[in-house]
>>> print(open('run-v9.txt').read())   # compact mmCIF, C-alpha atoms and all ligand atoms
# COMPACT_ATOMS: atom_id res chain seq x y z
CA MET A 1 -22.12 79.58 -44.37
CA THR A 2 -21.88 77.75 -41.03
CA ARG A 3 -25.04 76.42 -39.38
CA ALA A 4 -26.13 75.04 -36.00
CA LEU A 5 -27.30 71.42 -36.11
CA PRO A 6 -31.10 70.94 -35.89
CA THR A 7 -32.95 67.58 -36.07
CA ALA A 8 -34.43 66.06 -39.24
CA ALA A 9 -37.99 66.75 -38.06
CA SER A 10 -37.33 70.50 -37.93
CA LEU A 11 -35.67 70.62 -41.36
CA TYR A 12 -38.46 69.75 -43.75
CA GLU A 13 -39.95 73.22 -43.77
CA ARG A 14 -36.68 74.47 -45.24
CA VAL A 15 -36.61 72.05 -48.17
CA GLN A 16 -40.30 71.40 -48.83
CA ARG A 17 -40.21 73.48 -52.00
CA VAL A 18 -37.72 71.11 -53.62
CA ILE A 19 -38.23 67.72 -51.89
CA PRO A 20 -41.71 66.14 -52.31
CA SER A 21 -43.28 65.09 -48.98
CA ILE A 22 -43.52 61.50 -50.22
CA GLU A 23 -39.70 61.34 -50.55
CA TRP A 24 -38.86 62.98 -47.23
CA PRO A 25 -39.32 59.95 -44.90
CA ALA A 26 -36.62 58.12 -46.87
CA PHE A 27 -34.09 60.73 -45.73
CA THR A 28 -34.90 61.33 -42.05
CA GLY A 29 -33.17 58.27 -40.55
CA ASP A 30 -29.87 59.07 -42.25
CA ILE A 31 -30.15 62.78 -41.45
CA ASP A 32 -30.63 62.18 -37.71
CA ALA A 33 -27.83 59.61 -37.66
CA ILE A 34 -25.45 61.97 -39.50
CA LEU A 35 -26.26 64.90 -37.19
CA ALA A 36 -25.49 62.69 -34.16
CA LEU A 37 -22.32 61.23 -35.70
CA LYS A 38 -20.99 64.70 -36.48
CA ARG A 39 -21.25 65.71 -32.82
CA GLU A 40 -19.84 62.39 -31.59
CA ARG A 41 -16.85 62.42 -33.93
CA ASN A 42 -16.20 66.17 -34.02
CA ALA A 43 -16.74 66.11 -37.78
CA VAL A 44 -17.87 68.72 -40.28
CA ILE A 45 -19.42 68.22 -43.71
CA LEU A 46 -18.36 70.44 -46.58
CA ALA A 47 -20.88 70.33 -49.45
CA HIS A 48 -20.55 71.70 -52.95
CA ASN A 49 -23.36 73.84 -54.39
CA CYS A 50 -24.26 70.98 -56.75
CA GLN A 51 -25.07 68.48 -53.99
CA THR A 52 -28.70 67.44 -53.58
CA PRO A 53 -30.87 69.56 -51.23
CA GLU A 54 -31.16 66.91 -48.48
CA ILE A 55 -27.34 67.01 -48.21
CA PHE A 56 -26.83 70.72 -48.92
CA HIS A 57 -29.58 72.05 -46.64
CA CYS A 58 -29.93 69.31 -44.02
CA VAL A 59 -26.49 67.96 -43.00
CA ALA A 60 -23.83 70.28 -44.44
CA ASP A 61 -21.96 72.69 -42.12
CA ILE A 62 -20.14 74.57 -44.86
CA VAL A 63 -21.45 75.00 -48.39
CA GLY A 64 -20.21 76.82 -51.44
CA ASP A 65 -18.41 76.59 -54.77
CA SER A 66 -14.91 75.12 -55.10
CA LEU A 67 -13.27 78.42 -54.12
CA ALA A 68 -15.43 78.92 -51.02
CA LEU A 69 -14.90 75.32 -49.93
CA ALA A 70 -11.13 75.65 -50.41
CA ARG A 71 -11.05 78.91 -48.44
CA LYS A 72 -13.31 77.72 -45.64
CA ALA A 73 -11.46 74.40 -45.42
CA THR A 74 -8.44 76.32 -44.10
CA ALA A 75 -10.38 77.43 -41.01
CA VAL A 76 -12.13 74.17 -40.09
CA ASP A 77 -12.01 73.43 -36.37
CA ALA A 78 -12.83 69.69 -36.37
CA ASP A 79 -11.00 66.36 -36.34
CA ILE A 80 -12.76 64.99 -39.41
CA ILE A 81 -13.84 66.64 -42.67
CA VAL A 82 -16.34 64.78 -44.86
CA LEU A 83 -16.32 66.17 -48.38
CA ALA A 84 -19.73 65.95 -50.04
CA GLY A 85 -18.43 66.69 -53.49
CA VAL A 86 -15.99 65.07 -55.87
CA HIS A 87 -12.53 63.64 -55.31
CA PHE A 88 -10.44 66.68 -56.29
CA MET A 89 -12.36 68.74 -53.71
CA ALA A 90 -11.52 66.19 -51.02
CA GLU A 91 -7.86 66.32 -52.05
CA THR A 92 -7.97 70.13 -51.85
CA ALA A 93 -9.41 69.91 -48.32
CA LYS A 94 -6.65 67.45 -47.37
CA LEU A 95 -3.94 69.66 -48.87
CA LEU A 96 -5.16 72.59 -46.79
CA ASN A 97 -5.71 70.44 -43.66
CA PRO A 98 -2.83 67.94 -43.71
CA GLY A 99 -3.28 67.08 -40.02
CA LYS A 100 -6.99 66.25 -40.25
CA THR A 101 -8.79 63.14 -41.42
CA VAL A 102 -10.53 63.91 -44.72
CA LEU A 103 -13.16 61.45 -45.96
CA ILE A 104 -14.81 61.15 -49.37
CA PRO A 105 -17.99 59.04 -49.13
CA ASP A 106 -17.53 57.47 -52.59
CA LEU A 107 -14.11 57.02 -54.19
CA GLY A 108 -15.75 56.91 -57.63
CA ALA A 109 -16.87 60.55 -57.39
CA GLY A 110 -14.52 61.87 -60.06
CA CYS A 111 -14.74 64.66 -62.63
CA SER A 112 -14.38 64.67 -66.42
CA LEU A 113 -12.19 67.76 -66.20
CA ALA A 114 -9.84 66.24 -63.61
CA ASP A 115 -9.66 63.07 -65.73
CA SER A 116 -8.76 65.00 -68.89
CA ILE A 117 -5.15 65.65 -67.87
CA THR A 118 -2.32 63.82 -66.08
CA ALA A 119 0.71 65.08 -64.18
CA SER A 120 2.99 64.06 -67.06
CA ASP A 121 1.04 66.25 -69.54
CA VAL A 122 1.87 69.44 -67.63
CA PRO A 123 5.68 69.51 -68.13
CA LEU A 124 5.09 68.88 -71.84
CA MET A 125 3.04 72.10 -72.00
CA ARG A 126 5.81 73.90 -70.11
CA GLN A 127 8.36 72.72 -72.68
CA ARG A 128 6.12 73.70 -75.57
CA TYR A 129 5.50 77.25 -74.30
CA PRO A 130 8.70 78.19 -72.44
CA GLY A 131 8.30 80.95 -69.87
CA ALA A 132 4.48 80.87 -69.82
CA PRO A 133 3.19 80.36 -66.26
CA ILE A 134 0.79 77.46 -65.76
CA VAL A 135 -2.58 78.14 -64.12
CA THR A 136 -4.38 74.96 -63.14
CA TYR A 137 -8.10 74.87 -62.46
CA VAL A 138 -8.89 73.35 -59.05
CA ASN A 139 -10.78 70.61 -60.91
CA THR A 140 -7.55 68.60 -61.20
CA SER A 141 -5.72 65.94 -59.19
CA ALA A 142 -3.16 66.96 -56.56
CA ALA A 143 -0.48 65.50 -58.86
CA VAL A 144 -1.47 67.92 -61.65
CA LYS A 145 -1.63 70.86 -59.24
CA ALA A 146 1.89 69.96 -58.07
CA GLU A 147 3.22 70.52 -61.60
CA SER A 148 1.58 73.93 -61.97
CA ASP A 149 2.51 77.43 -60.78
CA ILE A 150 -0.82 78.49 -59.35
CA CYS A 151 -4.41 77.23 -59.14
CA CYS A 152 -7.64 79.01 -59.99
CA THR A 153 -11.38 78.43 -59.71
CA SER A 154 -14.11 79.66 -62.04
CA GLY A 155 -14.71 82.39 -59.44
CA ASN A 156 -11.20 83.87 -59.49
CA ALA A 157 -9.66 82.72 -62.81
CA LEU A 158 -9.49 86.21 -64.36
CA ALA A 159 -7.90 87.71 -61.24
CA VAL A 160 -5.38 84.86 -61.04
CA VAL A 161 -4.39 85.15 -64.72
CA GLU A 162 -3.97 88.93 -64.49
CA SER A 163 -2.05 88.70 -61.19
CA LEU A 164 0.83 86.93 -62.94
CA GLY A 165 1.92 89.93 -65.05
CA ALA A 166 2.80 87.62 -67.95
CA PRO A 167 1.86 88.29 -71.59
CA ARG A 168 1.03 84.60 -72.14
CA VAL A 169 -0.47 82.10 -69.68
CA ILE A 170 -1.28 78.39 -69.98
CA MET A 171 -4.69 77.52 -68.49
CA LEU A 172 -5.36 73.83 -67.77
CA PRO A 173 -7.45 71.79 -68.31
CA ASP A 174 -10.84 73.44 -69.11
CA GLU A 175 -10.85 74.70 -72.70
CA TYR A 176 -14.09 76.63 -72.31
CA LEU A 177 -13.14 78.35 -69.05
CA ALA A 178 -9.85 79.32 -70.75
CA ARG A 179 -11.66 80.72 -73.79
CA ASN A 180 -14.19 82.57 -71.64
CA ILE A 181 -11.34 84.16 -69.66
CA ALA A 182 -9.44 84.95 -72.88
CA ALA A 183 -12.46 87.04 -73.97
CA GLN A 184 -12.04 89.24 -70.88
CA THR A 185 -8.28 89.88 -70.83
CA LYS A 186 -5.39 91.08 -73.01
CA VAL A 187 -3.27 88.16 -71.75
CA GLU A 188 -2.79 85.48 -74.41
CA ILE A 189 -4.32 82.24 -73.11
CA ILE A 190 -3.11 78.79 -74.16
CA ALA A 191 -5.84 76.20 -73.50
CA TRP A 192 -6.07 72.42 -73.05
CA LYS A 193 -8.91 70.31 -74.47
CA GLY A 194 -10.62 69.26 -71.22
CA HIS A 195 -14.37 69.76 -70.81
CA CYS A 196 -16.95 69.41 -68.07
CA GLU A 197 -19.36 66.73 -69.24
CA VAL A 198 -22.28 68.62 -67.67
CA HIS A 199 -21.64 72.13 -69.00
CA GLU A 200 -20.42 71.14 -72.47
CA ARG A 201 -23.88 69.69 -73.23
CA PHE A 202 -25.57 73.12 -73.24
CA SER A 203 -25.84 74.80 -76.65
CA PRO A 204 -26.77 78.31 -77.84
CA ALA A 205 -29.94 76.77 -79.32
CA ASP A 206 -30.93 75.56 -75.84
CA ILE A 207 -30.72 79.13 -74.53
CA ARG A 208 -32.76 80.52 -77.42
CA GLU A 209 -35.42 77.84 -76.88
CA LEU A 210 -35.57 78.66 -73.17
CA ARG A 211 -36.04 82.37 -73.96
CA GLU A 212 -38.83 81.57 -76.41
CA ALA A 213 -40.58 79.23 -73.99
CA HIS A 214 -40.17 81.57 -70.98
CA PRO A 215 -40.31 85.17 -72.21
CA GLY A 216 -38.38 87.59 -69.98
CA VAL A 217 -36.34 84.83 -68.29
CA THR A 218 -32.91 85.88 -66.98
CA VAL A 219 -30.20 83.44 -68.12
CA LEU A 220 -27.15 82.82 -65.92
CA ALA A 221 -24.42 80.52 -67.27
CA HIS A 222 -21.41 78.84 -65.72
CA PRO A 223 -18.06 79.68 -67.41
CA GLU A 224 -17.40 75.96 -67.99
CA CYS A 225 -20.07 76.27 -70.72
CA PRO A 226 -18.89 76.84 -74.31
CA PRO A 227 -18.26 80.55 -75.08
CA GLU A 228 -21.16 80.50 -77.58
CA VAL A 229 -23.48 79.62 -74.69
CA VAL A 230 -21.99 82.27 -72.41
CA ALA A 231 -22.49 84.81 -75.23
CA GLU A 232 -26.25 84.06 -75.18
CA ALA A 233 -26.51 84.49 -71.39
CA ASP A 234 -27.27 87.64 -69.39
CA PHE A 235 -24.51 86.87 -66.89
CA ALA A 236 -21.73 84.29 -66.51
CA GLY A 237 -20.17 83.30 -63.22
CA SER A 238 -19.29 80.50 -60.81
CA THR A 239 -22.05 78.73 -58.90
CA ALA A 240 -21.45 81.18 -56.02
CA ALA A 241 -21.59 84.18 -58.38
CA MET A 242 -24.88 82.92 -59.88
CA SER A 243 -26.36 82.52 -56.42
CA ASP A 244 -25.23 86.06 -55.48
CA TYR A 245 -26.74 87.40 -58.71
CA VAL A 246 -30.15 85.92 -57.86
CA GLY A 247 -29.96 87.41 -54.35
CA ARG A 248 -28.94 90.87 -55.56
CA HIS A 249 -31.15 91.24 -58.65
CA LYS A 250 -34.16 89.12 -57.64
CA PRO A 251 -35.20 88.36 -61.25
CA ALA A 252 -38.88 87.36 -61.54
CA ARG A 253 -37.86 84.25 -63.48
CA VAL A 254 -34.36 82.80 -63.87
CA VAL A 255 -32.60 79.81 -65.38
CA LEU A 256 -29.20 78.62 -64.17
CA ILE A 257 -27.21 76.98 -66.96
CA THR A 258 -25.31 74.54 -64.78
CA GLU A 259 -25.75 71.28 -62.81
CA CYS A 260 -29.40 70.85 -61.83
CA SER A 261 -29.17 70.53 -58.03
CA MET A 262 -27.75 74.05 -57.98
CA SER A 263 -31.17 75.45 -58.99
CA ASP A 264 -32.89 73.46 -56.22
CA ASN A 265 -30.44 74.77 -53.62
CA VAL A 266 -30.73 78.40 -54.69
CA ALA A 267 -34.53 78.10 -55.04
CA VAL A 268 -34.75 77.18 -51.34
CA GLU A 269 -33.12 80.51 -50.46
CA HIS A 270 -35.32 82.55 -52.84
CA PRO A 271 -38.97 81.42 -52.68
CA ASP A 272 -40.06 84.62 -54.46
CA VAL A 273 -38.07 83.81 -57.63
CA ASP A 274 -39.45 81.46 -60.32
CA PHE A 275 -36.75 78.97 -61.39
CA VAL A 276 -36.87 77.33 -64.84
CA ARG A 277 -34.98 74.06 -64.43
CA PRO A 278 -33.40 72.34 -67.41
CA CYS A 279 -31.61 69.41 -65.80
CA ASN A 280 -28.08 68.25 -66.66
CA LEU A 281 -26.96 66.00 -63.81
CA CYS A 282 -23.34 65.45 -62.82
CA PRO A 283 -23.10 61.66 -62.38
CA HIS A 284 -20.02 62.10 -60.19
CA MET A 285 -21.58 64.55 -57.73
CA LYS A 286 -24.65 62.32 -57.53
CA ARG A 287 -22.58 59.36 -56.28
CA ILE A 288 -22.60 61.14 -52.90
CA THR A 289 -25.72 60.24 -50.93
CA LEU A 290 -26.87 60.58 -47.31
CA ALA A 291 -26.39 56.83 -46.83
CA LYS A 292 -22.78 57.04 -48.02
CA ILE A 293 -22.07 60.08 -45.83
CA ARG A 294 -23.44 58.15 -42.84
CA ALA A 295 -21.29 55.12 -43.71
CA ALA A 296 -18.25 57.39 -44.13
CA LEU A 297 -18.71 58.72 -40.58
CA GLU A 298 -19.50 55.29 -39.10
CA GLU A 299 -16.64 53.46 -40.78
CA ASN A 300 -14.06 56.21 -41.39
CA ARG A 301 -14.12 55.76 -45.12
CA HIS A 302 -12.70 56.61 -47.60
CA MET A 303 -9.65 58.33 -46.19
CA VAL A 304 -7.93 60.75 -48.58
CA THR A 305 -4.14 60.46 -48.64
CA ILE A 306 -1.64 62.34 -50.80
CA ASP A 307 2.05 61.58 -51.29
CA PRO A 308 3.90 64.17 -49.13
CA GLY A 309 6.23 65.25 -51.96
CA VAL A 310 3.26 65.88 -54.24
CA ALA A 311 1.26 67.49 -51.45
CA ASP A 312 3.90 70.13 -50.65
CA ARG A 313 4.07 71.32 -54.26
CA ALA A 314 0.31 71.14 -54.83
CA ARG A 315 -0.31 73.08 -51.61
CA ARG A 316 2.04 75.82 -52.80
CA ALA A 317 -0.04 76.26 -55.99
CA LEU A 318 -3.25 76.41 -53.95
CA GLU A 319 -1.83 78.84 -51.40
CA ARG A 320 -0.63 81.13 -54.17
CA MET A 321 -4.20 81.19 -55.45
CA LEU A 322 -5.67 81.89 -52.02
CA ALA A 323 -3.27 84.83 -51.66
CA VAL A 324 -4.58 86.51 -54.87
S1 LIG A 401 -20.14 69.21 -62.83
FE1 LIG A 401 -18.48 69.01 -64.34
S2 LIG A 401 -16.74 70.04 -63.37
FE2 LIG A 401 -18.24 69.61 -61.73
S3 LIG A 401 -17.60 67.60 -60.93
FE3 LIG A 401 -19.17 67.20 -62.51
S4 LIG A 401 -17.94 66.82 -64.36
FE4 LIG A 401 -16.57 67.84 -62.90
>>> encode(input="run-v9.txt", output="structure tokens")
Amino acid sequence: MTRALPTAASLYERVQRVIPSIEWPAFTGDIDAILALKRERNAVILAHNCQTPEIFHCVADIVGDSLALARKATAVDADIIVLAGVHFMAETAKLLNPGKTVLIPDLGAGCSLADSITASDVPLMRQRYPGAPIVTYVNTSAAVKAESDICCTSGNALAVVESLGAPRVIMLPDEYLARNIAAQTKVEIIAWKGHCEVHERFSPADIRELREAHPGVTVLAHPECPPEVVAEADFAGSTAAMSDYVGRHKPARVVLITECSMSDNVAVEHPDVDFVRPCNLCPHMKRITLAKIRAALEENRHMVTIDPGVADRARRALERMLAV
């Protein structure tokens, strides 16, 4: 979604359901400065669904899950892209916009999935399972993407796997996403042992407790959760798919089994829906703050660069995904 740029004073009404009035004054200076800097520097901010509401609803120009950000990053008409998300998302934006300056406000914004695998692990999997195409989740470094055949996100993983026409596919690095996809396809899936440190913490017992405490609640789970958790849910899908579900079905009461800012952001759009909010924070996403976004725009930091040889091969894997 692309938005015009208002001022901080006009934005509070939008987020008052999720940001207490006592906290709001702490944000307004940075919001006004960021809105001005974006115009001055011809910059856009891409924000992941798991960013905090003052970023997601007040300064972002483009918001979405990893797939939406990757797609929309190809059509950005700006000199500078600031990625309010984690490092692999900034690399993806750079791969798809090699001529633009891409900034990540905090270089420490990593991801447990991306850190679970290195570029040298991928050829070893290829040797071990000859002929099996390698599908790499976007939550990986550019160097890992460069070693793979095609990328996927949690939103398109099934379509990507089935597009390959192979009886056996290697899915890296998220074990649970791989197992959740394996449950939906006849293709044999070979998994890696990477996990998202946010989604792996949910258990089937958590879901049962939530249902007991909130009778009639609709449970939506992210496919990075263990399959036993997904089995307890009413629906499983990417952050974008969960948001769409709430919009289409308008459940009276819902719980999103994912990173906690996601519920705040969707709640802003659906004031008529009651959100139960168990909170598992992503420490990497939360390294991105308004103050760091402002500093990124003021000081041009931190610039994302990718070795050209790696970038060409990683871009090919991403473009194959975007063509599916
Ligand atoms: S929520 Fe999980 S997958 Fe997303 S950035 Fe954090 S650790 Fe990585």
>>> atom_distance(input="run-v9.txt", atom1="CA of Thr239 (chain A)", atom2="CA of Asp312 (chain A)")
28.6 Å
>>> residues_near_point(input="run-v9.txt", point="(-7.5, 76.8, -67.5)", cutoff="10 Å", atoms="only C-alpha atoms", output="NGL selection string")
:A and (134-139 or 151-154 or 157 or 161 or 169-182 or 189-194 or 224)
>>> write_last_selection(input="run-v9.txt", atoms="C-alpha atoms", output="JSON list (two decimals), keeping the file's coordinate frame")
[["chain", "number", "residue", "atom", "x", "y", "z"],
["A", 134, "ILE", "CA", 0.79, 77.46, -65.76],
["A", 135, "VAL", "CA", -2.58, 78.14, -64.12],
["A", 136, "THR", "CA", -4.38, 74.96, -63.14],
["A", 137, "TYR", "CA", -8.10, 74.87, -62.46],
["A", 138, "VAL", "CA", -8.89, 73.35, -59.05],
["A", 139, "ASN", "CA", -10.78, 70.61, -60.91],
["A", 151, "CYS", "CA", -4.41, 77.23, -59.14],
["A", 152, "CYS", "CA", -7.64, 79.01, -59.99],
["A", 153, "THR", "CA", -11.38, 78.43, -59.71],
["A", 154, "SER", "CA", -14.11, 79.66, -62.04],
["A", 157, "ALA", "CA", -9.66, 82.72, -62.81],
["A", 161, "VAL", "CA", -4.39, 85.15, -64.72],
["A", 169, "VAL", "CA", -0.47, 82.10, -69.68],
["A", 170, "ILE", "CA", -1.28, 78.39, -69.98],
["A", 171, "MET", "CA", -4.69, 77.52, -68.49],
["A", 172, "LEU", "CA", -5.36, 73.83, -67.77],
["A", 173, "PRO", "CA", -7.45, 71.79, -68.31],
["A", 174, "ASP", "CA", -10.84, 73.44, -69.11],
["A", 175, "GLU", "CA", -10.85, 74.70, -72.70],
["A", 176, "TYR", "CA", -14.09, 76.63, -72.31],
["A", 177, "LEU", "CA", -13.14, 78.35, -69.05],
["A", 178, "ALA", "CA", -9.85, 79.32, -70.75],
["A", 179, "ARG", "CA", -11.66, 80.72, -73.79],
["A", 180, "ASN", "CA", -14.19, 82.57, -71.64],
["A", 181, "ILE", "CA", -11.34, 84.16, -69.66],
["A", 182, "ALA", "CA", -9.44, 84.95, -72.88],
["A", 189, "ILE", "CA", -4.32, 82.24, -73.11],
["A", 190, "ILE", "CA", -3.11, 78.79, -74.16],
["A", 191, "ALA", "CA", -5.84, 76.20, -73.50],
["A", 192, "TRP", "CA", -6.07, 72.42, -73.05],
["A", 193, "LYS", "CA", -8.91, 70.31, -74.47],
["A", 194, "GLY", "CA", -10.62, 69.26, -71.22],
["A", 224, "GLU", "CA", -17.40, 75.96, -67.99]]
>>> residues_near_ligand(input="run-v9.txt", ligand="ligand LIG 401 (chain A)", cutoff="7 Å", atoms="only C-alpha atoms and all ligand atoms", output="PDB file with C-alpha atoms, keeping the file's coordinate frame")
ATOM      1  CA  VAL A  86     -15.990  65.070 -55.870  1.00  0.00           C
ATOM      2  CA  GLY A 110     -14.520  61.870 -60.060  1.00  0.00           C
ATOM      3  CA  CYS A 111     -14.740  64.660 -62.630  1.00  0.00           C
ATOM      4  CA  SER A 112     -14.380  64.670 -66.420  1.00  0.00           C
ATOM      5  CA  LEU A 113     -12.190  67.760 -66.200  1.00  0.00           C
ATOM      6  CA  ALA A 114      -9.840  66.240 -63.610  1.00  0.00           C
ATOM      7  CA  ASN A 139     -10.780  70.610 -60.910  1.00  0.00           C
ATOM      8  CA  CYS A 196     -16.950  69.410 -68.070  1.00  0.00           C
ATOM      9  CA  GLU A 197     -19.360  66.730 -69.240  1.00  0.00           C
ATOM     10  CA  VAL A 198     -22.280  68.620 -67.670  1.00  0.00           C
ATOM     11  CA  HIS A 199     -21.640  72.130 -69.000  1.00  0.00           C
ATOM     12  CA  GLU A 259     -25.750  71.280 -62.810  1.00  0.00           C
ATOM     13  CA  CYS A 282     -23.340  65.450 -62.820  1.00  0.00           C
ATOM     14  CA  PRO A 283     -23.100  61.660 -62.380  1.00  0.00           C
ATOM     15  CA  HIS A 284     -20.020  62.100 -60.190  1.00  0.00           C
ATOM     16  CA  MET A 285     -21.580  64.550 -57.730  1.00  0.00           C
TER      17      MET A 285
END
>>> closest_atom_pairs(input="run-v9.txt", of="region 198-311 of chain A", to="region 5-20 of chain A", cutoff="10 Å", atoms="all atoms listed in the file", output="tab-separated table")
residue	atom	partner	partner_atom	distance
A:Ser261	CA	A:Val18	CA	9.6
A:Ser263	CA	A:Val18	CA	9.5
A:Asp264	CA	A:Val18	CA	6.0
A:Asn265	CA	A:Val18	CA	8.1
A:Ala267	CA	A:Val18	CA	7.8
A:Val268	CA	A:Val15	CA	6.3
A:Glu269	CA	A:Arg14	CA	8.7
A:Pro271	CA	A:Arg17	CA	8.1
>>> write_last_selection(input="run-v9.txt", atoms="C-alpha atoms", output="PDB file, in the frame of the given file")
ATOM      1  CA  SER A 261     -29.170  70.530 -58.030  1.00  0.00           C
ATOM      2  CA  SER A 263     -31.170  75.450 -58.990  1.00  0.00           C
ATOM      3  CA  ASP A 264     -32.890  73.460 -56.220  1.00  0.00           C
ATOM      4  CA  ASN A 265     -30.440  74.770 -53.620  1.00  0.00           C
ATOM      5  CA  ALA A 267     -34.530  78.100 -55.040  1.00  0.00           C
ATOM      6  CA  VAL A 268     -34.750  77.180 -51.340  1.00  0.00           C
ATOM      7  CA  GLU A 269     -33.120  80.510 -50.460  1.00  0.00           C
ATOM      8  CA  PRO A 271     -38.970  81.420 -52.680  1.00  0.00           C
TER       9      PRO A 271
END
>>> closest_residue(input="run-v9.txt", among="A:Lys145, A:Lys292, A:Lys94, A:Arg301", to="Ala314 (chain A)", atoms="all atoms listed in the file")
A:Lys145
>>> atom_distance(input="run-v9.txt", atom1="CA of Lys286 (chain A)", atom2="CA of Ala84 (chain A)")
9.7 Å
